[in-house]
Amino acid sequence: MAGSILFEACVDSLESALAAAAGGADRVELCAGLLEGGLTPSDGTLRLVRQRLTLPLHVLIRPRGGDFCYSETEFEVMRLDLQRAHALEADGVVLGILRPDGTVDRERTAVLAELARPMSVTFHRAIDVARDPHEALEVLIGLGIDRVLTSGQEATALEGVEGIAALVQQAADRIMVMAGAGITERNVARIVAQTGVREVHATARALQDSRMVHRNPRCPMGGALRPEEYAVATTSTERVCALVEALPSS
């Protein structure tokens, strides 16, 4: 860990996980579907990352994109995915459930947290769309959640530094507050200094050109908001290294 600030790399593939480790990340959050804000990774990806990665590994438990108000069937999927992460010896899980009124779904969050132990439990950026983040933080503290990932209810952590700082002060060492969203090697030191967080979360990705030689630009595979068809966004070892080096030492 660089000084006393921990850097968690958010990755969506084995290649990215290994690149994050090579760059000096302290922990990895594994997910899929980063274009949708992150989804539960596939069984194959999780198995291979766990086999090849020596860093602490946290796994996102999110059955779909969109909001964080889940049906009973979606909740059952989350339970099974969490149990799979436990069986494959993940070190932690990342989850978040809200009620329709924007409050934390205390009961179902408690069920998942209990199933997860002894793994670490992070409540993700669902707190950033909660009705009252300070009320939500107290609920999470009461449930014994280990950390919360937040951008301070803004689009990026840099824009949300005041909100993040307020949550850090409120937490008072009762729960870890981790800053995430739009963090780069250029702004991480400023975000840490202005918020007082001890953990930061970023993708540190760069575009790599596709290996495809034959290309058909007339036939896209995604919807209107789709990534480049012949470019792959992967975690960059160089960017992870630069971000780690940019972290303040205390």
# chains A, B, ... in the order shown; residues from 1 in each chain; ligands from 1
call {"tool": "select_by_dssp", "arguments": {"residues": "segment 11-222 of chain A", "states": "strand (DSSP E or B)", "output": "PyMOL selection string"}}
result
chain A and resi 11+27-30+32+39+57-60+92-95+98+104+120-123+147-150+176-180+199-202+205-209
call {"tool": "closest_atom_pairs", "arguments": {"of": "segment 67-101 of chain A", "to": "segment 125-134 of chain A", "cutoff": "12 Å", "atoms": "only C-alpha atoms", "output": "CSV"}}
result
residue,atom,partner,partner_atom,distance
A:Asp67,CA,A:Ala126,CA,8.2
A:Phe68,CA,A:Ala126,CA,6.5
A:Cys69,CA,A:Ala126,CA,9.6
A:Val94,CA,A:Arg125,CA,9.7
A:Leu95,CA,A:Ala126,CA,8.4
A:Gly96,CA,A:Ala126,CA,5.6
A:Ile97,CA,A:Ala126,CA,7.0
A:Leu98,CA,A:Ala126,CA,7.2
A:Arg99,CA,A:Ala130,CA,9.1
A:Pro100,CA,A:Ala130,CA,9.8
A:Asp101,CA,A:Arg131,CA,7.3
call {"tool": "write_last_selection", "arguments": {"atoms": "C-alpha atoms", "output": "CSV table (one decimal), in the first residue's frame"}}
result
chain,number,residue,atom,x,y,z
A,67,ASP,CA,-31.5,1.5,-10.2
A,68,PHE,CA,-30.8,-0.3,-7.0
A,69,CYS,CA,-34.4,-1.3,-6.1
A,94,VAL,CA,-19.6,-5.1,-3.0
A,95,LEU,CA,-23.3,-4.5,-3.0
A,96,GLY,CA,-26.1,-2.0,-2.4
A,97,ILE,CA,-29.9,-2.2,-2.1
A,98,LEU,CA,-32.3,0.8,-1.8
A,99,ARG,CA,-36.1,0.9,-1.1
A,100,PRO,CA,-38.4,2.8,-3.5
A,101,ASP,CA,-38.3,5.9,-1.1
call {"tool": "closest_residue", "arguments": {"among": "A:Arg239, A:His58, A:Arg211, A:Arg50", "to": "Leu82 of chain A", "atoms": "only C-alpha atoms"}}
result
A:His58
call {"tool": "select_by_dssp", "arguments": {"residues": "segment 1-249 of chain A", "states": "alpha helix (DSSP H)", "output": "JSON, numbers by chain"}}
result
{"A": [14, 15, 16, 17, 18, 19, 20, 21, 22, 23, 43, 44, 45, 46, 47, 48, 49, 50, 51, 52, 72, 73, 74, 75, 76, 77, 78, 79, 80, 81, 82, 83, 84, 85, 86, 87, 106, 107, 108, 109, 110, 111, 112, 113, 114, 115, 116, 133, 134, 135, 136, 137, 138, 139, 140, 141, 142, 161, 162, 163, 164, 165, 166, 167, 168, 169, 170, 171, 188, 189, 190, 191, 192, 193, 194, 195, 237, 238, 239, 240, 241, 242, 243, 244, 245, 246]}
call {"tool": "residues_around", "arguments": {"residues": "Gln194 of chain A", "least_positions_apart": "3", "cutoff": "8 Å", "atoms": "only C-alpha atoms", "output": "PyMOL selection string"}}
result
chain A and resi 161-162+165+190-191
